[in-house]
Every structure is written in structure tokens, then in C-alpha cells.
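For reference, query25.tsv (TSV, C-alpha atoms):
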```tsv
chain	number	residue	atom	x	y	z
K	1	MET	CA	-84.03	-67.98	43.56
K	2	VAL	CA	-85.93	-68.43	46.83
K	3	LEU	CA	-87.79	-71.33	45.27
K	4	TYR	CA	-84.66	-73.44	44.81
K	5	PRO	CA	-84.06	-74.13	48.54
K	6	VAL	CA	-87.71	-75.13	48.90
K	7	MET	CA	-87.47	-77.57	46.00
K	8	LYS	CA	-84.06	-78.81	47.19
K	9	HIS	CA	-84.76	-79.33	50.86
K	10	VAL	CA	-88.46	-80.13	50.95
K	11	VAL	CA	-89.55	-81.63	47.64
K	12	ALA	CA	-86.22	-83.40	46.99
K	13	ARG	CA	-86.18	-84.99	50.44
K	14	ALA	CA	-89.71	-86.25	49.99
K	15	ALA	CA	-88.80	-87.66	46.56
K	16	ARG	CA	-85.75	-89.43	48.00
K	17	LEU	CA	-87.93	-91.09	50.62
K	18	VAL	CA	-90.26	-92.38	47.90
K	19	TYR	CA	-87.74	-93.45	45.27
K	20	ARG	CA	-84.73	-94.20	47.52
K	21	PRO	CA	-82.21	-93.72	44.68
K	22	VAL	CA	-78.91	-95.56	44.90
K	23	VAL	CA	-76.15	-92.95	44.68
K	24	GLU	CA	-72.51	-93.90	44.12
K	25	GLY	CA	-69.40	-91.74	43.95
K	26	LEU	CA	-70.91	-88.58	45.41
K	27	GLU	CA	-67.55	-87.90	47.06
K	28	ASN	CA	-66.11	-87.26	43.58
K	29	ILE	CA	-68.00	-83.96	43.31
K	30	PRO	CA	-65.94	-81.05	44.69
K	31	THR	CA	-67.67	-79.22	47.53
K	32	ASP	CA	-67.02	-75.84	45.95
K	33	GLY	CA	-65.66	-74.25	42.80
K	34	PRO	CA	-66.82	-74.67	39.20
K	35	VAL	CA	-67.64	-78.18	38.04
K	36	ILE	CA	-69.36	-79.70	35.00
K	37	LEU	CA	-71.62	-82.71	35.51
K	38	ALA	CA	-71.84	-84.59	32.20
K	39	ALA	CA	-74.58	-87.22	32.19
K	40	ASN	CA	-76.38	-89.63	29.91
K	41	HIS	CA	-80.00	-88.68	29.25
K	42	LEU	CA	-82.80	-91.24	29.34
K	43	SER	CA	-85.81	-89.25	30.52
K	44	PHE	CA	-87.11	-85.80	31.36
K	45	ILE	CA	-86.89	-86.88	34.99
K	46	ASP	CA	-83.05	-86.88	34.80
K	47	SER	CA	-83.10	-83.11	35.31
K	48	VAL	CA	-84.95	-83.68	38.57
K	49	VAL	CA	-82.89	-86.63	39.82
K	50	ILE	CA	-79.48	-84.95	39.49
K	51	PRO	CA	-80.23	-81.86	41.62
K	52	MET	CA	-82.17	-84.14	44.00
K	53	VAL	CA	-79.06	-86.18	44.90
K	54	VAL	CA	-76.26	-83.61	44.53
K	55	PRO	CA	-75.73	-81.55	47.71
K	56	ARG	CA	-74.66	-78.48	45.70
K	57	ARG	CA	-76.87	-76.21	43.65
K	58	VAL	CA	-76.90	-77.47	40.06
K	59	SER	CA	-77.90	-75.41	37.03
K	60	PHE	CA	-79.09	-76.72	33.67
K	61	LEU	CA	-79.93	-75.11	30.36
K	62	ALA	CA	-83.58	-75.59	29.40
K	63	LYS	CA	-85.38	-74.61	26.22
K	64	ALA	CA	-86.87	-71.13	26.44
K	65	GLU	CA	-90.39	-72.41	25.73
K	66	TYR	CA	-90.55	-73.73	29.31
K	67	PHE	CA	-90.34	-70.14	30.57
K	68	THR	CA	-92.52	-68.27	28.09
K	69	GLY	CA	-95.87	-70.06	28.32
K	70	THR	CA	-99.04	-68.23	29.26
K	71	GLY	CA	-101.89	-68.96	31.64
K	72	VAL	CA	-101.77	-71.31	34.60
K	73	LYS	CA	-99.81	-73.99	32.74
K	74	GLY	CA	-97.18	-71.47	31.65
K	75	SER	CA	-96.85	-70.09	35.16
K	76	LEU	CA	-96.46	-73.57	36.66
K	77	SER	CA	-93.84	-74.48	34.06
K	78	ARG	CA	-91.90	-71.28	34.72
K	79	TRP	CA	-92.04	-71.85	38.49
K	80	PHE	CA	-91.00	-75.50	38.23
K	81	PHE	CA	-87.97	-74.98	36.00
K	82	SER	CA	-86.83	-71.86	37.81
K	83	SER	CA	-87.06	-73.66	41.15
K	84	LEU	CA	-84.81	-76.43	39.80
K	85	GLY	CA	-82.14	-73.91	38.83
K	86	HIS	CA	-82.73	-74.20	35.08
K	87	VAL	CA	-81.67	-71.32	32.84
K	88	PRO	CA	-83.68	-70.52	29.67
K	89	VAL	CA	-81.90	-70.72	26.34
K	90	HIS	CA	-83.10	-70.79	22.74
K	91	ARG	CA	-82.43	-74.01	20.85
K	92	GLY	CA	-80.73	-73.76	17.53
K	93	LYS	CA	-77.39	-73.31	15.83
K	94	GLY	CA	-74.84	-70.57	15.44
K	95	ARG	CA	-75.52	-67.63	17.70
K	96	ASP	CA	-78.05	-69.60	19.79
K	97	ALA	CA	-75.47	-72.31	20.47
K	98	ARG	CA	-72.84	-69.70	21.33
K	99	ALA	CA	-75.32	-67.99	23.67
K	100	ALA	CA	-75.88	-71.32	25.45
K	101	LEU	CA	-72.13	-71.74	25.96
K	102	ASP	CA	-71.82	-68.16	27.19
K	103	THR	CA	-74.60	-68.74	29.71
K	104	ALA	CA	-72.90	-71.89	30.97
K	105	ALA	CA	-69.60	-69.99	31.18
K	106	GLU	CA	-71.21	-67.37	33.42
K	107	ILE	CA	-72.52	-70.07	35.75
K	108	LEU	CA	-69.11	-71.73	35.97
K	109	ALA	CA	-67.34	-68.38	36.43
K	110	ARG	CA	-69.43	-67.88	39.57
K	111	GLY	CA	-67.95	-71.11	40.91
K	112	ASP	CA	-71.21	-73.05	40.54
K	113	ALA	CA	-72.04	-76.54	39.30
K	114	PHE	CA	-73.43	-76.93	35.80
K	115	ALA	CA	-75.02	-80.08	34.35
K	116	ILE	CA	-75.12	-80.98	30.68
K	117	TYR	CA	-76.18	-83.93	28.52
K	118	PRO	CA	-73.40	-84.41	25.91
K	119	GLU	CA	-75.77	-86.37	23.65
K	120	GLY	CA	-77.77	-83.15	23.25
K	121	THR	CA	-81.16	-84.76	23.81
K	122	ARG	CA	-82.82	-87.80	25.33
K	123	SER	CA	-81.96	-91.26	24.08
K	124	LEU	CA	-85.06	-92.75	22.49
K	125	ASP	CA	-83.63	-96.27	22.28
K	126	GLY	CA	-81.94	-96.50	25.68
K	127	MET	CA	-78.45	-96.56	24.14
K	128	LEU	CA	-75.68	-94.00	24.62
K	129	HIS	CA	-75.12	-91.93	21.51
K	130	ARG	CA	-72.19	-89.95	20.13
K	131	GLY	CA	-71.54	-86.78	22.12
K	132	ARG	CA	-71.70	-83.26	20.76
K	133	THR	CA	-68.59	-81.17	21.31
K	134	GLY	CA	-70.22	-78.34	23.29
K	135	VAL	CA	-69.29	-80.07	26.55
K	136	ALA	CA	-65.63	-80.19	25.49
K	137	ARG	CA	-65.53	-76.53	24.49
K	138	MET	CA	-67.18	-75.65	27.81
K	139	ALA	CA	-64.59	-77.64	29.77
K	140	LEU	CA	-61.60	-76.19	27.91
K	141	GLU	CA	-62.82	-72.59	28.02
K	142	SER	CA	-63.72	-72.70	31.72
K	143	GLY	CA	-60.97	-74.98	32.99
K	144	ALA	CA	-63.58	-76.68	35.19
K	145	PRO	CA	-63.24	-80.39	35.97
K	146	VAL	CA	-65.79	-82.71	34.38
K	147	ILE	CA	-67.61	-85.29	36.49
K	148	PRO	CA	-69.05	-88.08	34.29
K	149	VAL	CA	-72.47	-89.24	35.46
K	150	GLY	CA	-74.20	-92.53	34.69
K	151	ILE	CA	-77.95	-92.60	35.28
K	152	ILE	CA	-79.76	-95.93	35.32
K	153	GLY	CA	-83.50	-96.60	35.47
K	154	THR	CA	-85.05	-93.19	34.79
K	155	ASP	CA	-86.35	-94.41	31.43
K	156	LYS	CA	-88.57	-96.72	33.48
K	157	VAL	CA	-89.63	-93.95	35.90
K	158	GLN	CA	-90.96	-91.72	33.15
K	159	PRO	CA	-90.63	-93.26	29.68
K	160	VAL	CA	-90.77	-90.99	26.65
K	161	GLY	CA	-94.42	-90.05	26.13
K	162	SER	CA	-95.46	-90.91	29.70
K	163	ARG	CA	-97.29	-88.19	31.65
K	164	PHE	CA	-96.85	-89.55	35.17
K	165	PRO	CA	-93.77	-91.01	36.90
K	166	LYS	CA	-93.68	-94.57	38.23
K	167	ILE	CA	-91.91	-95.75	41.37
K	168	VAL	CA	-89.05	-97.94	40.13
K	169	PRO	CA	-85.37	-98.25	41.23
K	170	VAL	CA	-82.98	-95.52	40.08
K	171	THR	CA	-79.19	-95.49	40.32
K	172	VAL	CA	-76.92	-92.46	39.84
K	173	ARG	CA	-73.16	-93.01	39.56
K	174	PHE	CA	-70.64	-90.16	39.70
K	175	GLY	CA	-67.21	-90.91	38.27
K	176	GLU	CA	-63.84	-89.45	39.17
K	177	PRO	CA	-63.12	-85.89	37.93
K	178	LEU	CA	-61.69	-85.57	34.44
K	179	ASP	CA	-58.96	-82.92	34.04
K	180	PHE	CA	-58.38	-81.54	30.55
K	181	SER	CA	-55.80	-78.88	31.44
K	182	ARG	CA	-53.36	-80.62	29.06
K	183	TYR	CA	-55.40	-79.06	26.26
K	184	ASP	CA	-55.21	-75.47	27.53
K	185	GLY	CA	-55.51	-72.99	24.67
K	186	MET	CA	-56.72	-75.64	22.21
K	187	GLN	CA	-60.47	-75.05	22.50
K	188	ASP	CA	-60.68	-74.11	18.81
K	189	SER	CA	-59.12	-77.37	17.60
K	190	LEU	CA	-61.87	-79.65	16.28
K	191	PRO	CA	-59.79	-82.86	16.71
K	192	VAL	CA	-59.12	-81.90	20.34
K	193	LEU	CA	-62.79	-81.12	20.97
K	194	ARG	CA	-63.78	-84.49	19.51
K	195	SER	CA	-61.15	-86.31	21.56
K	196	VAL	CA	-62.27	-84.67	24.81
K	197	THR	CA	-65.93	-85.32	24.05
K	198	ASP	CA	-65.27	-88.99	23.27
K	199	GLU	CA	-63.32	-89.41	26.51
K	200	ILE	CA	-66.23	-87.99	28.48
K	201	ILE	CA	-68.74	-90.19	26.67
K	202	TYR	CA	-66.68	-93.35	27.23
K	203	ARG	CA	-66.49	-92.61	30.96
K	204	ILE	CA	-70.26	-92.13	31.06
K	205	LEU	CA	-70.56	-95.45	29.23
K	206	ASP	CA	-68.52	-97.19	31.94
K	207	LEU	CA	-70.86	-95.81	34.60
K	208	SER	CA	-74.20	-96.34	32.87
K	209	GLY	CA	-73.54	-99.76	31.33
K	210	GLN	CA	-75.43	-98.80	28.16
K	211	GLU	CA	-74.71	-99.99	24.66
K	212	TYR	CA	-72.88	-97.35	22.62
K	213	VAL	CA	-73.95	-96.10	19.19
K	214	ASP	CA	-71.46	-94.03	17.20
K	215	ALA	CA	-74.14	-91.76	15.79
K	216	TYR	CA	-75.93	-88.65	17.04
K	217	GLN	CA	-79.33	-89.07	18.65
K	218	LYS	CA	-81.96	-87.26	16.61
K	219	THR	CA	-83.88	-84.57	18.47
K	220	PRO	CA	-87.46	-85.72	19.21
K	221	VAL	CA	-90.15	-83.71	17.45
K	222	ALA	CA	-91.89	-83.02	20.75
K	223	ALA	CA	-88.86	-82.85	23.06
```

Serialized structure, C-alpha cells:
Amino acid sequence: MVLYPVMKHVVARAARLVYRPVVEGLENIPTDGPVILAANHLSFIDSVVIPMVVPRRVSFLAKAEYFTGTGVKGSLSRWFFSSLGHVPVHRGKGRDARAALDTAAEILARGDAFAIYPEGTRSLDGMLHRGRTGVARMALESGAPVIPVGIIGTDKVQPVGSRFPKIVPVTVRFGEPLDFSRYDGMQDSLPVLRSVTDEIIYRILDLSGQEYVDAYQKTPVAA
């Protein structure tokens, strides 16, 4: 974990000087204790921007392939994602999905910050899509507050399919904490999970200003 402070305090500071992101609502993030950052997802670069602007250490789940490559490319990928605080997890359904939730639960149980994209994958059309209920289950099982996050402009920094980032304006808005303690003990109720997820998505929508589509975003073939 030695790499994280280097990335956070050296690389992130340099990136902030170059991109000068506009950050709003940072005071809504608690200074300690478990917290879930739920954001829209426009570009790969989102997973760099969030830890760049949040003063706390932020962990993400990342597909295991980023950590298992071989050769120089594999080593660089492993170093990069580890230094950002990403945790490897296998994509899939059933036990893989449960394993992802268990990993997130461990991070939150330590009192750390965990970031998740409720849409499940990047938006390919720039619109905000229907959220998947994993974020709701995570919130109800952990009891952690949820901070909705609206990211604007990262689709222009590194559009889908682009290999190199461009210097364009980026805005990150953090909303007020969402407390779902009224649903304690109801994490196995599908209607409750859907209601919580929709509330989170609508708050993200307010912050991002995107158009909403009541349909799941399909996972890109080469995500």
C-alpha cells in the first residue's frame, strides 16, 4: 500500500494542477468512518478523478484481469490499479457478485471509503442509466451513509476507445449524505433494494445533469 500515498500526494497533485477540476460539496464527505461514494460513470478516468479530489483514501472494485496480466504491461497495470486503491474482483453473477459485496463490506467494516458505480459499467451514450441494486444491498448491510456523486466532463477527457486523455474541464459534485437506516433489516427485500437504488440514482441525476434512461446500460465488449 506504499504506492497509494505516492499516487495520492504526488501524481494527484500534479494532475490537479493540469486539469484544475471544479469540486463542489467536498464538505459532505465525512472525515472518518465508513462511507459509500456512489457516482455516475462516463469514462475510465472517473476512477482516477475521484481519489484525486477526495482527501480520504478511496477503494474501488476492479476486474481481476487488471491484476493478472503478464510481462511489462501486466506489471504496470497491476502497479497502477493497486496504487489507486483498487481491489481485484471477478466479474460475473452469483458467487462472484456475492464475493464483490463481501469485499466491499470488509473495506467499509474497516471504516474506509468505498466508491461504486451503480450503473455497473460506463455509459456509452452519456446518459444516466438504471442502477443495479448492489449499491443498495451494500448500504443496508453496512449501515454506511451514501454520498451521491455527479461527474461532468470526463467523457471528453478520455472518450470510450480513446488511448490518451485530453485536457478539458471536469466538474465533480458531492451531494449530501443519504441515510437509509429506516430500512434496517430489510436488505433482502427486493422492493426496498429497488427503492433505495432509485433514490441514489435520482440524487446522482440531480448532480450530474444527465438525461435519465430507465434501462440498464449494457456492458461493453471490451470494458

### Message
Nearest residue to K:Tyr117 out of K:Ala99, K:Ile50, K:Val135, K:Val22, using only C-alpha atoms?
### Response
K:Val135

### Task
Have a look at K:Pro30, K:Gly209, K:Pro21, K:Pro177 and name the one nearest to K:Pro55; count only C-alpha atoms.
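Going through K:Pro30, K:Gly209, K:Pro21, K:Pro177 one by one, the smallest distance to K:Pro55 is for K:Pro30.
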
### Message
Nearest residue to K:Arg56 out of K:Ala39, K:Ser77, K:Ala115, K:Val89, using all atoms listed in the file?
### Response
K:Ala115

### Query
At what distance in Å, to one decimal, does atom CA of K:Ala144 lie from atom CA of K:Ile204?
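These two atoms are separated by 17.3 Å.
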
### Message
I need the residue nearest K:Ser195 from this list: K:Ala136, K:Ala64, K:Leu76, K:Val23. Use all atoms listed in the file for the distance.
### Response
K:Ala136

### Task
Report the distance between atom CA of K:Gly85 and atom CA of K:Pro51 in Å, rounded to one decimal place.
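Taking atom CA of K:Gly85 as the start and atom CA of K:Pro51 as the end point, the length is 8.6 Å.
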
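When all atoms listed in the file are used to measure the gap to K:Met52, the shortest distance among K:Arg20, K:Arg182, K:Arg132, K:Arg98 belongs to K:Arg20.
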
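Taking all atoms listed in the file into account, K:Lys156 lies nearest to K:Thr171 out of the set K:Thr70, K:Ser142, K:Thr171, K:Ser47.
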
### Task
Please provide as a PyMOL selection string all residues within 10 Å of K:Thr68, with the sequence filter that same-chain residues fewer than 4 positions apart are discarded (counting all atoms listed in the file).
chain K and resi 63-64+74-75+77-78+88

### Message
Can you tell me which residues surround stretch 151-155 of chain K at a distance of at most 8 Å, considering all atoms listed in the file, apart from same-chain residues fewer than 5 positions away, and format the answer as a PyMOL selection string?
### Response
chain K and resi 39-43+45-46+126+160+168-173+207-208

Generate the output file for the selected residues, C-alpha atoms, as a PDB file, in the frame of the given file.
```pdb
ATOM      1  CA  ALA K  39     -74.580 -87.220  32.190  1.00  0.00           C
ATOM      2  CA  ASN K  40     -76.380 -89.630  29.910  1.00  0.00           C
ATOM      3  CA  HIS K  41     -80.000 -88.680  29.250  1.00  0.00           C
ATOM      4  CA  LEU K  42     -82.800 -91.240  29.340  1.00  0.00           C
ATOM      5  CA  SER K  43     -85.810 -89.250  30.520  1.00  0.00           C
ATOM      6  CA  ILE K  45     -86.890 -86.880  34.990  1.00  0.00           C
ATOM      7  CA  ASP K  46     -83.050 -86.880  34.800  1.00  0.00           C
ATOM      8  CA  GLY K 126     -81.940 -96.500  25.680  1.00  0.00           C
ATOM      9  CA  VAL K 160     -90.770 -90.990  26.650  1.00  0.00           C
ATOM     10  CA  VAL K 168     -89.050 -97.940  40.130  1.00  0.00           C
ATOM     11  CA  PRO K 169     -85.370 -98.250  41.230  1.00  0.00           C
ATOM     12  CA  VAL K 170     -82.980 -95.520  40.080  1.00  0.00           C
ATOM     13  CA  THR K 171     -79.190 -95.490  40.320  1.00  0.00           C
ATOM     14  CA  VAL K 172     -76.920 -92.460  39.840  1.00  0.00           C
ATOM     15  CA  ARG K 173     -73.160 -93.010  39.560  1.00  0.00           C
ATOM     16  CA  LEU K 207     -70.860 -95.810  34.600  1.00  0.00           C
ATOM     17  CA  SER K 208     -74.200 -96.340  32.870  1.00  0.00           C
TER      18      SER K 208
END
```

### Task
Can you work out the spacing between atom CA of K:Val53 and atom CA of K:Met138 in Å, to one decimal?
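Separation between atom CA of K:Val53 and atom CA of K:Met138: 23.3 Å.
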
### Task
Find the spatial neighbours of K:Asp198, counting all atoms listed in the file, within a cut-off of 9 Å - ignore same-chain residues fewer than 3 positions away - and output them as a VMD selection string.
chain K and resid 130 to 133 193 to 195 201 to 203

Got time to write the residues from that selection, C-alpha atoms, as a short mmCIF file (atom, residue, chain, number, x, y, z; two decimals), keeping the file's coordinate frame?
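Writing done, so here's again-v8.cif:
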```
data_model
loop_
_atom_site.label_atom_id
_atom_site.label_comp_id
_atom_site.auth_asym_id
_atom_site.auth_seq_id
_atom_site.Cartn_x
_atom_site.Cartn_y
_atom_site.Cartn_z
CA ARG K 130 -72.19 -89.95 20.13
CA GLY K 131 -71.54 -86.78 22.12
CA ARG K 132 -71.70 -83.26 20.76
CA THR K 133 -68.59 -81.17 21.31
CA LEU K 193 -62.79 -81.12 20.97
CA ARG K 194 -63.78 -84.49 19.51
CA SER K 195 -61.15 -86.31 21.56
CA ILE K 201 -68.74 -90.19 26.67
CA TYR K 202 -66.68 -93.35 27.23
CA ARG K 203 -66.49 -92.61 30.96
#
```

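Summary of the local environment: counting only C-alpha atoms, residues at most 12 Å from K:Arg137, other than itself and those fewer than 6 positions away along its chain, are Ile36, Ala97, Arg98, Ala100, Leu101, Asp102, Ala104, Ala105, Pro118, Gly143, Ala144, Val146, Phe180, Tyr183, Asp184, Gly185, Met186, Gln187, Asp188, Ser189, Leu190, Pro191, Val192, Leu193, Arg194, Ser195, Val196 and Thr197 of chain K.
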